[in-house]
$ cat input.cif   # mmCIF, C-alpha atoms and all ligand atoms
data_target
loop_
_atom_site.label_atom_id
_atom_site.label_comp_id
_atom_site.auth_asym_id
_atom_site.auth_seq_id
_atom_site.Cartn_x
_atom_site.Cartn_y
_atom_site.Cartn_z
CA PRO A 1 128.89 96.34 101.49
CA LEU A 2 126.68 99.20 102.65
CA VAL A 3 123.16 98.49 101.39
CA LEU A 4 119.83 100.26 101.73
CA GLY A 5 116.80 97.96 101.54
CA ILE A 6 113.28 98.98 100.56
CA GLU A 7 110.28 96.86 101.51
CA THR A 8 106.71 97.75 100.48
CA SER A 9 105.06 94.40 99.73
CA CYS A 10 102.19 94.81 102.17
CA ASP A 11 101.27 97.44 104.78
CA GLU A 12 104.76 98.16 106.16
CA THR A 13 106.94 100.81 104.57
CA GLY A 14 110.31 99.42 105.62
CA ILE A 15 113.68 101.04 105.04
CA GLY A 16 116.73 99.29 106.44
CA ILE A 17 120.44 99.92 106.15
CA VAL A 18 123.05 97.23 106.73
CA ARG A 19 126.79 96.88 106.37
CA GLY A 20 127.26 93.23 105.48
CA THR A 21 125.46 91.49 108.32
CA THR A 22 125.56 94.46 110.67
CA LEU A 23 122.29 96.28 111.16
CA LEU A 24 122.64 100.06 111.08
CA SER A 25 119.00 101.10 110.97
CA ASN A 26 115.54 99.66 110.47
CA THR A 27 112.75 102.20 110.02
CA ILE A 28 109.22 100.84 109.77
CA ALA A 29 106.05 102.83 109.14
CA SER A 30 102.85 100.78 109.08
CA SER A 31 99.47 101.70 107.65
CA MET A 32 97.88 99.00 109.85
CA ASP A 33 95.62 101.48 111.66
CA GLU A 34 94.14 102.66 108.39
CA HIS A 35 93.08 99.09 107.55
CA ALA A 36 91.59 98.33 110.96
CA ARG A 37 88.02 99.23 110.11
CA TYR A 38 88.10 96.96 107.04
CA GLY A 39 89.37 93.97 109.04
CA GLY A 40 92.30 93.39 106.71
CA VAL A 41 94.85 95.12 104.49
CA VAL A 42 93.21 97.18 101.69
CA PRO A 43 95.70 97.19 98.76
CA GLU A 44 94.85 100.68 97.48
CA ILE A 45 95.23 102.21 100.94
CA ALA A 46 98.53 100.41 101.50
CA ALA A 47 99.94 101.68 98.19
CA ARG A 48 98.96 105.27 98.89
CA ALA A 49 100.43 105.09 102.39
CA HIS A 50 103.76 103.90 100.96
CA LEU A 51 103.85 107.01 98.75
CA ASP A 52 103.44 109.21 101.82
CA GLU A 53 105.83 107.30 104.04
CA LEU A 54 108.71 106.35 101.77
CA VAL A 55 110.73 109.55 101.65
CA PRO A 56 110.42 110.30 105.38
CA ALA A 57 111.36 106.67 106.12
CA ILE A 58 114.43 106.87 103.88
CA ASN A 59 115.52 110.10 105.55
CA ALA A 60 115.01 108.64 109.02
CA ALA A 61 116.91 105.45 108.21
CA VAL A 62 119.83 107.36 106.70
CA ALA A 63 120.00 109.69 109.70
CA GLU A 64 119.83 106.84 112.20
CA ALA A 65 122.55 104.89 110.39
CA GLY A 66 124.73 108.00 110.35
CA ILE A 67 125.56 107.67 106.68
CA ARG A 68 125.05 109.71 103.52
CA LEU A 69 123.13 108.29 100.57
CA SER A 70 126.27 108.73 98.48
CA ASP A 71 128.10 106.28 100.80
CA LEU A 72 125.83 103.41 99.72
CA ASP A 73 127.22 100.55 97.68
CA ALA A 74 123.82 99.38 96.48
CA ILE A 75 120.04 99.55 96.77
CA ALA A 76 117.99 96.39 97.39
CA VAL A 77 114.24 96.27 96.92
CA THR A 78 111.42 93.76 97.29
CA CYS A 79 109.92 93.14 93.85
CA GLY A 80 107.58 90.32 94.91
CA PRO A 81 105.61 88.46 96.06
CA GLY A 82 103.10 90.87 97.58
CA LEU A 83 100.43 93.40 96.68
CA SER A 84 101.10 94.75 93.16
CA GLY A 85 100.31 98.38 93.80
CA ALA A 86 102.24 98.40 97.06
CA LEU A 87 105.26 96.72 95.48
CA MET A 88 105.27 99.19 92.59
CA VAL A 89 105.75 102.13 94.93
CA GLY A 90 108.89 100.59 96.43
CA VAL A 91 110.22 99.43 93.09
CA GLY A 92 109.73 102.89 91.58
CA ALA A 93 111.46 104.57 94.48
CA ALA A 94 114.36 102.10 94.41
CA LYS A 95 114.93 102.62 90.70
CA ALA A 96 114.81 106.39 91.11
CA LEU A 97 117.37 106.25 93.92
CA ALA A 98 119.63 103.89 91.99
CA VAL A 99 119.58 106.12 88.92
CA ALA A 100 120.00 109.37 90.85
CA LEU A 101 122.88 108.00 92.93
CA ASP A 102 124.30 105.90 90.09
CA LYS A 103 124.35 102.79 92.29
CA PRO A 104 123.63 99.14 91.45
CA ILE A 105 120.21 97.76 92.35
CA TYR A 106 119.21 94.29 93.53
CA ALA A 107 115.56 93.30 93.05
CA VAL A 108 114.88 90.51 95.53
CA ASN A 109 112.31 88.03 96.76
CA HIS A 110 110.36 89.06 99.85
CA LEU A 111 110.08 85.55 101.30
CA VAL A 112 113.78 84.89 100.96
CA GLY A 113 114.27 88.26 102.66
CA HIS A 114 112.40 86.92 105.69
CA VAL A 115 115.02 84.16 105.92
CA GLY A 116 117.81 86.71 105.50
CA ALA A 117 116.57 88.52 108.61
CA ASP A 118 118.31 85.83 110.62
CA LEU A 119 121.72 87.10 109.46
CA LEU A 120 121.48 90.41 111.27
CA GLN A 121 123.33 89.23 114.34
CA GLY A 122 124.05 92.77 115.52
CA GLU A 123 120.46 93.23 116.57
CA LEU A 124 120.08 89.63 117.67
CA ARG A 125 122.60 90.14 120.45
CA HIS A 126 120.47 92.75 122.14
CA GLY A 127 117.22 91.61 120.56
CA ASP A 128 114.13 91.29 122.70
CA THR A 129 113.06 87.85 121.69
CA ASN A 130 115.99 85.88 120.35
CA THR A 131 116.52 82.28 121.31
CA GLY A 132 119.90 82.97 122.87
CA ASP A 133 121.60 81.37 119.92
CA THR A 134 123.65 83.98 118.07
CA ALA A 135 125.87 81.68 116.01
CA PRO A 136 125.56 82.33 112.27
CA LEU A 137 122.75 80.61 110.42
CA GLU A 138 123.89 77.25 109.11
CA TYR A 139 122.60 75.47 106.03
CA PRO A 140 120.52 73.65 105.19
CA THR A 141 117.69 74.95 107.31
CA ILE A 142 113.94 74.60 107.24
CA ALA A 143 112.15 77.97 107.44
CA LEU A 144 108.53 78.46 108.50
CA LEU A 145 107.23 81.88 107.45
CA VAL A 146 103.87 82.86 108.86
CA SER A 147 102.24 86.26 108.48
CA GLY A 148 99.04 87.96 107.40
CA GLY A 149 99.90 87.31 103.76
CA HIS A 150 101.87 84.09 103.71
CA THR A 151 102.28 80.70 105.31
CA SER A 152 105.19 78.93 103.69
CA LEU A 153 107.58 76.14 104.50
CA LEU A 154 110.97 76.43 102.82
CA LEU A 155 114.05 74.29 102.50
CA VAL A 156 116.98 76.71 102.41
CA ARG A 157 120.17 75.08 101.19
CA ASP A 158 121.80 78.43 100.45
CA LEU A 159 120.23 81.84 100.91
CA VAL A 160 121.48 83.33 97.63
CA SER A 161 121.30 80.31 95.36
CA ASP A 162 119.08 77.50 96.58
CA VAL A 163 115.75 78.05 98.28
CA GLU A 164 113.00 75.52 97.67
CA LEU A 165 109.30 75.88 98.48
CA LEU A 166 108.16 72.72 100.23
CA GLY A 167 104.62 73.84 100.88
CA GLU A 168 102.32 76.77 101.53
CA THR A 169 98.75 77.56 102.43
CA ILE A 170 96.16 76.52 99.88
CA ASP A 171 93.68 79.12 101.19
CA ASP A 172 94.06 81.63 104.06
CA ALA A 173 97.38 82.63 105.58
CA ALA A 174 97.77 81.87 109.29
CA GLY A 175 97.69 85.56 110.27
CA GLU A 176 94.59 86.02 108.14
CA ALA A 177 92.94 83.16 110.06
CA PHE A 178 93.78 84.92 113.34
CA ASP A 179 92.26 88.13 111.96
CA LYS A 180 89.08 86.40 110.73
CA VAL A 181 88.53 84.42 113.90
CA ALA A 182 89.08 87.56 115.99
CA ARG A 183 86.37 89.19 113.93
CA LEU A 184 83.99 86.27 114.59
CA LEU A 185 84.61 86.88 118.30
CA SER A 186 83.98 90.63 117.86
CA LEU A 187 87.61 91.42 118.65
CA PRO A 188 89.40 94.26 116.81
CA TYR A 189 92.00 94.04 114.03
CA PRO A 190 94.76 92.88 114.01
CA GLY A 191 93.44 89.69 115.51
CA GLY A 192 96.63 87.91 116.54
CA PRO A 193 97.43 89.92 119.67
CA GLN A 194 93.71 89.95 120.63
CA ILE A 195 93.45 86.16 120.38
CA ASP A 196 96.62 85.88 122.48
CA ARG A 197 95.08 88.20 125.07
CA VAL A 198 91.72 86.45 125.50
CA ALA A 199 93.27 82.97 125.18
CA LEU A 200 95.01 83.62 128.50
CA GLY A 201 91.79 82.85 130.33
CA GLY A 202 90.82 79.90 128.14
CA ASN A 203 91.35 76.16 127.97
CA PRO A 204 93.20 75.07 124.80
CA LYS A 205 91.70 71.58 125.10
CA ALA A 206 88.09 72.76 125.51
CA ILE A 207 87.18 72.41 121.83
CA ARG A 208 88.85 70.07 119.35
CA PHE A 209 89.05 72.20 116.20
CA PRO A 210 90.24 70.54 112.97
CA ARG A 211 93.88 70.48 111.90
CA GLY A 212 93.77 71.18 108.16
CA LEU A 213 95.42 68.78 105.71
CA SER A 214 96.54 66.39 108.42
CA GLN A 215 94.53 63.29 107.44
CA PRO A 216 96.53 60.52 105.72
CA LYS A 217 94.80 61.08 102.36
CA ASP A 218 95.59 64.83 102.49
CA MET A 219 99.11 64.23 103.72
CA ALA A 220 99.80 62.11 100.64
CA VAL A 221 99.33 65.14 98.36
CA HIS A 222 99.77 68.08 100.72
CA ARG A 223 102.40 66.89 103.17
CA TYR A 224 103.84 70.39 103.69
CA ASP A 225 100.82 72.48 102.70
CA PHE A 226 98.49 74.27 105.08
CA SER A 227 94.77 75.03 105.08
CA PHE A 228 93.02 77.27 107.57
CA SER A 229 89.64 77.90 105.96
CA GLY A 230 88.08 74.73 107.41
CA LEU A 231 89.29 75.71 110.86
CA LYS A 232 87.80 79.18 110.48
CA THR A 233 84.47 77.71 109.35
CA SER A 234 84.51 75.32 112.26
CA VAL A 235 85.00 78.21 114.69
CA ALA A 236 82.18 80.14 112.99
CA ARG A 237 79.83 77.16 113.29
CA PHE A 238 80.67 76.69 116.96
CA VAL A 239 79.98 80.36 117.70
CA GLU A 240 76.69 80.30 115.74
CA GLN A 241 75.46 77.18 117.51
CA ARG A 242 76.02 78.77 120.90
CA GLN A 243 74.32 81.97 119.82
CA ASP A 244 71.33 80.12 118.31
CA ALA A 245 70.95 78.17 121.54
CA GLY A 246 70.98 81.43 123.46
CA GLU A 247 74.10 80.34 125.33
CA PRO A 248 77.12 82.54 126.02
CA VAL A 249 80.13 82.01 123.71
CA PRO A 250 83.13 80.91 125.79
CA ILE A 251 85.47 83.34 124.06
CA GLY A 252 88.54 82.37 126.06
CA ASP A 253 88.11 78.67 125.29
CA VAL A 254 87.41 79.33 121.60
CA ALA A 255 90.48 81.57 121.27
CA ALA A 256 92.76 79.18 123.16
CA SER A 257 91.50 76.12 121.27
CA PHE A 258 91.73 77.86 117.89
CA ARG A 259 95.25 79.06 118.63
CA GLU A 260 96.24 75.57 119.74
CA ALA A 261 95.02 74.12 116.44
CA VAL A 262 97.00 76.67 114.39
CA VAL A 263 100.17 76.22 116.43
CA ASP A 264 99.87 72.44 116.35
CA ILE A 265 99.50 72.14 112.60
CA LEU A 266 102.21 74.72 111.83
CA LEU A 267 104.77 72.98 114.00
CA THR A 268 103.73 69.43 113.13
CA LYS A 269 104.39 70.15 109.46
CA ALA A 270 107.58 72.13 110.08
CA LEU A 271 109.02 69.35 112.22
CA ALA A 272 107.95 66.74 109.69
CA ALA A 273 109.98 68.64 107.09
CA CYS A 274 113.00 68.71 109.44
CA ALA A 275 112.70 64.96 109.95
CA ASP A 276 112.07 64.06 106.29
CA TYR A 277 115.03 66.07 105.03
CA GLY A 278 117.27 65.28 107.99
CA VAL A 279 117.67 68.99 108.75
CA PRO A 280 118.21 69.74 112.47
CA ARG A 281 117.52 73.46 112.16
CA LEU A 282 114.27 75.42 112.10
CA LEU A 283 114.00 79.14 111.49
CA LEU A 284 110.77 81.04 112.18
CA GLY A 285 109.73 84.32 110.55
CA GLY A 286 106.71 86.56 109.86
CA GLY A 287 104.38 88.58 112.08
CA VAL A 288 102.55 85.56 113.51
CA ILE A 289 105.81 84.61 115.25
CA ALA A 290 104.74 87.21 117.83
CA ASN A 291 102.33 84.56 119.07
CA LYS A 292 103.33 83.48 122.56
CA ARG A 293 101.94 79.98 122.34
CA LEU A 294 103.65 79.39 119.01
CA ARG A 295 107.03 80.32 120.53
CA GLU A 296 106.38 78.16 123.57
CA VAL A 297 105.38 75.03 121.67
CA ALA A 298 108.12 75.59 119.08
CA THR A 299 110.70 75.66 121.86
CA GLN A 300 109.29 72.52 123.51
CA ARG A 301 109.02 70.47 120.35
CA THR A 302 112.38 71.45 118.85
CA ASP A 303 114.09 70.76 122.18
CA ALA A 304 112.49 67.34 122.29
CA ALA A 305 113.53 66.59 118.71
CA GLY A 306 117.10 67.92 119.07
CA ILE A 307 116.47 70.68 116.53
CA VAL A 308 118.11 74.11 116.78
CA LEU A 309 115.39 76.76 116.81
CA ARG A 310 116.06 80.27 115.56
CA ILE A 311 113.68 83.17 116.05
CA PRO A 312 114.91 86.63 115.06
CA PRO A 313 113.71 89.54 117.18
CA LEU A 314 110.18 90.61 116.32
CA SER A 315 111.25 93.83 114.61
CA LEU A 316 113.03 91.61 112.06
CA CYS A 317 110.23 89.02 111.86
CA THR A 318 107.53 91.40 110.66
CA ASP A 319 108.03 92.98 107.25
CA ASN A 320 111.06 95.29 107.26
CA GLY A 321 113.66 96.81 104.98
CA ALA A 322 116.69 95.54 106.91
CA MET A 323 116.07 91.95 105.87
CA ILE A 324 115.90 93.04 102.23
CA ALA A 325 119.15 94.98 102.61
CA ALA A 326 120.73 91.92 104.28
CA LEU A 327 119.74 89.72 101.35
CA GLY A 328 121.10 92.31 98.91
CA ALA A 329 124.40 92.39 100.80
CA GLN A 330 124.62 88.58 100.66
CA LEU A 331 124.06 88.62 96.89
CA ILE A 332 126.84 91.17 96.50
CA MET A 333 129.23 89.21 98.71
CA ALA A 334 128.47 86.05 96.71
CA GLY A 335 129.44 87.92 93.54
CA HIS A 336 126.00 88.14 91.96
CA GLU A 337 125.48 90.76 89.26
CA PRO A 338 123.02 93.57 89.99
CA SER A 339 119.56 93.52 88.44
CA THR A 340 118.97 95.51 85.28
CA LEU A 341 116.43 98.33 85.54
CA GLN A 342 113.94 96.32 83.46
CA PHE A 343 112.29 94.50 86.36
CA GLY A 344 108.78 95.24 87.56
CA ALA A 345 106.64 94.15 90.49
CA ASP A 346 105.68 90.47 90.47
CA SER A 347 102.88 89.76 92.94
CA THR A 348 103.36 86.00 92.58
CA LEU A 349 107.14 85.77 92.33
CA PRO A 350 108.09 82.16 93.16
CA VAL A 351 110.35 81.48 96.14
CA GLY A 352 112.97 79.80 93.97
CA GLN A 353 113.57 83.10 92.22
CA ILE A 354 115.75 84.83 94.78
CA GLN A 355 116.79 87.76 92.61
CA VAL A 356 115.05 89.17 89.54
P1 LIG A 401 103.33 89.89 104.87
O1 LIG A 401 102.32 88.84 104.74
O2 LIG A 401 103.71 90.53 103.57
O3 LIG A 401 104.56 89.45 105.61
P2 LIG A 401 101.62 91.23 106.78
O4 LIG A 401 101.61 92.71 107.04
O5 LIG A 401 100.36 90.59 106.39
O6 LIG A 401 102.74 91.06 105.70
P3 LIG A 401 102.93 90.97 109.29
O7 LIG A 401 102.86 92.45 109.41
O8 LIG A 401 104.25 90.30 109.32
O9 LIG A 401 102.17 90.45 108.03
O10 LIG A 401 102.03 90.34 110.43
C1 LIG A 401 100.70 90.73 110.64
C2 LIG A 401 99.90 89.49 110.93
O11 LIG A 401 100.42 88.84 112.09
C3 LIG A 401 98.45 89.80 111.20
O12 LIG A 401 97.65 88.88 110.50
C4 LIG A 401 98.33 89.60 112.71
O13 LIG A 401 97.06 89.19 113.15
C5 LIG A 401 99.37 88.54 112.97
N1 LIG A 401 99.83 88.60 114.35
C6 LIG A 401 100.40 89.63 115.00
N2 LIG A 401 100.61 89.33 116.30
C7 LIG A 401 100.16 88.05 116.47
C8 LIG A 401 100.07 87.16 117.57
N3 LIG A 401 100.45 87.51 118.78
N4 LIG A 401 99.54 85.93 117.34
C9 LIG A 401 99.14 85.56 116.11
N5 LIG A 401 99.17 86.36 115.05
C10 LIG A 401 99.68 87.58 115.21
MG MG A 402 101.98 93.98 108.25
FE FE A 403 106.27 89.29 104.89
#

$ encode --input "input.cif" --output "structure tokens" --more "lines below"
Ligand code: ATP
Ligand code: MG
Ligand code: FE
Amino acid sequence: PLVLGIETSCDETGIGIVRGTTLLSNTIASSMDEHARYGGVVPEIAARAHLDELVPAINAAVAEAGIRLSDLDAIAVTCGPGLSGALMVGVGAAKALAVALDKPIYAVNHLVGHVGADLLQGELRHGDTNTGDTAPLEYPTIALLVSGGHTSLLLVRDLVSDVELLGETIDDAAGEAFDKVARLLSLPYPGGPQIDRVALGGNPKAIRFPRGLSQPKDMAVHRYDFSFSGLKTSVARFVEQRQDAGEPVPIGDVAASFREAVVDILLTKALAACADYGVPRLLLGGGVIANKRLREVATQRTDAAGIVLRIPPLSLCTDNGAMIAALGAQLIMAGHEPSTLQFGADSTLPVGQIQV
């Protein structure tokens, strides 16, 4: 089926068009620059930017795919989780398109969409950062989704019918931690690429920052959950102590050691899930996957454990419409009924609810 996907859960206005699992276009407009001076995504600004960007993005995606809107078999749209106001813009646009074109609509879960990104093999073949493994995604798989808004560990038994949340962050998202620590080091937003840059000259073993929720007593309750606020506080305290003592802050060492702590805890928990559930497959997704050290250590540890690692190209890891279209196409192919037009935006939509 030919499906147009609309994604507006955060600061990316994403429009993607797929035919089954073939990617035809993936237009992304980001309001990231507008949030830079606030050090994080401002919901109101993101929502207004979606209003400006949506129609041009739809036109661009349709032109690039070489189709007409009337050719579409369905519209798919992210209805949650995410920022309410931002989601509402996409949901409104999707409903309007569906009514105007008289096409079915599929309201889908953003996080499950991130997993669906893996299906778009067309782009994977000439993708910039794939793992060289272009065989179709097999089930079950463990998925680690890490971005500015989420840090979740999923057990995916079937993309369209059985996705279970194993754990998630109990405070900051991993990308948010990168952004906050960058700010502590007076580096600009977004922090992830900046931390990567300055970490190049640093020693990852220089400072032993805490790995959240990794003590036995925490593991008993929060085996697959993450916490990054203690790590952030620990970095802040380290920086303050140096400043109070009138000593220079070793920015490279702090960045490298902080990054090492994040990467270590993310992968330790993801691999624990693979081992516990006997699942020899790990899929990564979300904007933080751009992190070089995370990719490196993920490759090393999965190799050592005999686990197949899958990393979609970055343009499909960050928020995008193509992954939403891909999930919609899967729902259609599995014979699922379209959504009724009654759905709204659900900022806290649970992972288990794949379609609304
Ligand atoms: P959502 O949470 O809805 O997926 P988002 O816009 O918050 O959306 P993305 O756009 O996928 O998330 O990713 C942005 C986040 O990824 C930012 O927090 C940014 O700091 C982080 N990031 C980007 N590049 C890197 C990197 N090289 N290392 C670590 N983090 C990175
Ligand atoms: Mg973003
Ligand atoms: Fe996302």

$ residues_near_ligand --input "input.cif" --ligand "ligand FE 403 (chain A)" --cutoff "12 Å" --atoms "only C-alpha atoms and all ligand atoms" --output "PyMOL selection string"
chain A and resi 7-14+78+80-83+109-117+144-152+173+175+284-289+315-321+323-324

$ closest_residue --input "input.cif" --among "A:Ile17, A:Leu283, A:Ala305, A:Ser84" --to "Ala60 in chain A" --atoms "all atoms listed in the file"
A:Ile17

$ closest_atom_pairs --input "input.cif" --of "range 59-94 of chain A" --to "range 335-351 of chain A" --cutoff "12 Å" --atoms "all atoms listed in the file" --output "tab-separated table"
residue	atom	partner	partner_atom	distance
A:Asp73	CA	A:Pro338	CA	11.2
A:Ala74	CA	A:Pro338	CA	8.7
A:Ile75	CA	A:Pro338	CA	9.5
A:Ala76	CA	A:Pro338	CA	9.4
A:Val77	CA	A:Ala345	CA	10.2
A:Thr78	CA	A:Ala345	CA	8.3
A:Cys79	CA	A:Ala345	CA	4.8
A:Gly80	CA	A:Asp346	CA	4.8
A:Pro81	CA	A:Ser347	CA	4.3
A:Gly82	CA	A:Ser347	CA	4.8
A:Leu83	CA	A:Ser347	CA	5.8
A:Ser84	CA	A:Ser347	CA	5.3
A:Gly85	CA	A:Ala345	CA	8.3
A:Ala86	CA	A:Ala345	CA	9.0
A:Leu87	CA	A:Ala345	CA	5.8
A:Met88	CA	A:Ala345	CA	5.6
A:Val89	CA	A:Ala345	CA	9.2
A:Gly90	CA	A:Ala345	CA	9.0
A:Val91	CA	A:Ala345	CA	6.9
A:Gly92	CA	A:Gly344	CA	8.7
A:Ala93	CA	A:Gly344	CA	11.9
A:Ala94	CA	A:Leu341	CA	9.9

$ atom_distance --input "input.cif" --atom1 "CA of Val279 in chain A" --atom2 "CA of Phe226 in chain A"
20.2 Å

$ atom_distance --input "input.cif" --atom1 "CA of Glu176 in chain A" --atom2 "CA of Ser227 in chain A"
11.4 Å

$ closest_atom_pairs --input "input.cif" --of "range 187-289 of chain A" --to "range 36-48 of chain A" --cutoff "8 Å" --atoms "all atoms listed in the file" --output "JSON lines"
{"residue": "A:Pro188", "atom": "CA", "partner": "A:Ala36", "partner_atom": "CA", "distance": 7.5}
{"residue": "A:Tyr189", "atom": "CA", "partner": "A:Ala36", "partner_atom": "CA", "distance": 5.3}
{"residue": "A:Pro190", "atom": "CA", "partner": "A:Ala36", "partner_atom": "CA", "distance": 7.0}

$ residues_around --input "input.cif" --residues "Arg197 in chain A" --least-positions-apart "4" --cutoff "9 Å" --atoms "only C-alpha atoms" --output "NGL selection string"
:A and (192-193 or 201 or 252 or 255)

$ axis_aligned_box --input "input.cif" --around "range 250-253 of chain A" --padding-each-side "5 Å" --output "AutoDock Vina command-line options"
--center_x 85.8 --center_y 81.0 --center_z 125.1 --size_x 15.4 --size_y 14.7 --size_z 12.0

$ atom_distance --input "input.cif" --atom1 "CA of Gln355 in chain A" --atom2 "CA of Ala107 in chain A"
5.7 Å

$ closest_residue --input "input.cif" --among "A:Gln215, A:Thr302, A:Asn203, A:Ser31" --to "ligand LIG 401 (chain A)" --atoms "all atoms listed in the file"
A:Ser31

$ residues_around --input "input.cif" --residues "Val198 in chain A" --least-positions-apart "4" --cutoff "12 Å" --atoms "only C-alpha atoms" --output "list of chain:residue names"
A:Ala182, A:Leu185, A:Ser186, A:Leu187, A:Pro188, A:Gly191, A:Gly192, A:Pro193, A:Gln194, A:Gly202, A:Asn203, A:Pro204, A:Pro250, A:Ile251, A:Gly252, A:Asp253, A:Val254, A:Ala255, A:Ala256, A:Ser257, A:Phe258, A:Arg259

$ residues_near_point --input "input.cif" --point "(101.8, 65.4, 101.1)" --cutoff "12 Å" --atoms "all atoms listed in the file" --output "count of residues only"
21

$ closest_residue --input "input.cif" --among "A:Leu294, A:Ala206, A:Ala29, A:Val55" --to "Leu267 in chain A" --atoms "all atoms listed in the file"
A:Leu294

$ closest_residue --input "input.cif" --among "A:Asp172, A:Glu64, A:Asp102, A:Asp71" --to "ligand LIG 401 (chain A)" --atoms "all atoms listed in the file"
A:Asp172

$ closest_residue --input "input.cif" --among "A:Asp264, A:Glu34, A:Glu53, A:Glu138" --to "Arg310 in chain A" --atoms "only C-alpha atoms"
A:Glu138

$ closest_residue --input "input.cif" --among "A:Ile28, A:Leu54, A:Leu97, A:Val3" --to "ligand MG 402 (chain A)" --atoms "all atoms listed in the file"
A:Ile28

$ decode --input "input.cif" --residues "range 297-336 of chain A" --atoms "C-alpha atoms" --output "CSV table (one decimal), in the first residue's frame"
chain,number,residue,atom,x,y,z
A,297,VAL,CA,30.4,0.1,22.2
A,298,ALA,CA,27.1,-1.3,20.9
A,299,THR,CA,28.9,-3.1,18.1
A,300,GLN,CA,31.6,-4.4,20.4
A,301,ARG,CA,29.2,-5.7,23.0
A,302,THR,CA,26.7,-7.3,20.7
A,303,ASP,CA,29.5,-9.0,18.7
A,304,ALA,CA,30.9,-10.4,21.9
A,305,ALA,CA,27.4,-11.6,23.0
A,306,GLY,CA,26.5,-13.1,19.6
A,307,ILE,CA,23.6,-10.6,19.2
A,308,VAL,CA,22.6,-9.2,15.8
A,309,LEU,CA,22.7,-5.4,16.0
A,310,ARG,CA,20.5,-3.3,13.8
A,311,ILE,CA,20.9,0.5,13.4
A,312,PRO,CA,18.8,2.2,10.8
A,313,PRO,CA,20.4,5.2,9.0
A,314,LEU,CA,20.3,8.3,11.0
A,315,SER,CA,17.6,10.0,8.9
A,316,LEU,CA,15.3,7.2,10.0
A,317,CYS,CA,16.5,7.2,13.6
A,318,THR,CA,15.6,10.7,14.4
A,319,ASP,CA,11.9,11.6,14.3
A,320,ASN,CA,10.5,11.2,10.8
A,321,GLY,CA,7.3,10.6,8.8
A,322,ALA,CA,8.6,7.6,6.9
A,323,MET,CA,8.6,5.4,10.0
A,324,ILE,CA,5.0,6.4,10.7
A,325,ALA,CA,4.0,5.6,7.1
A,326,ALA,CA,5.9,2.2,7.4
A,327,LEU,CA,4.0,1.3,10.5
A,328,GLY,CA,0.7,2.3,8.8
A,329,ALA,CA,1.5,0.1,5.8
A,330,GLN,CA,2.3,-2.8,8.1
A,331,LEU,CA,-1.1,-2.4,9.9
A,332,ILE,CA,-2.8,-2.4,6.5
A,333,MET,CA,-1.0,-5.5,5.3
A,334,ALA,CA,-1.8,-7.3,8.5
A,335,GLY,CA,-5.5,-6.5,7.8
A,336,HIS,CA,-6.1,-4.0,10.6
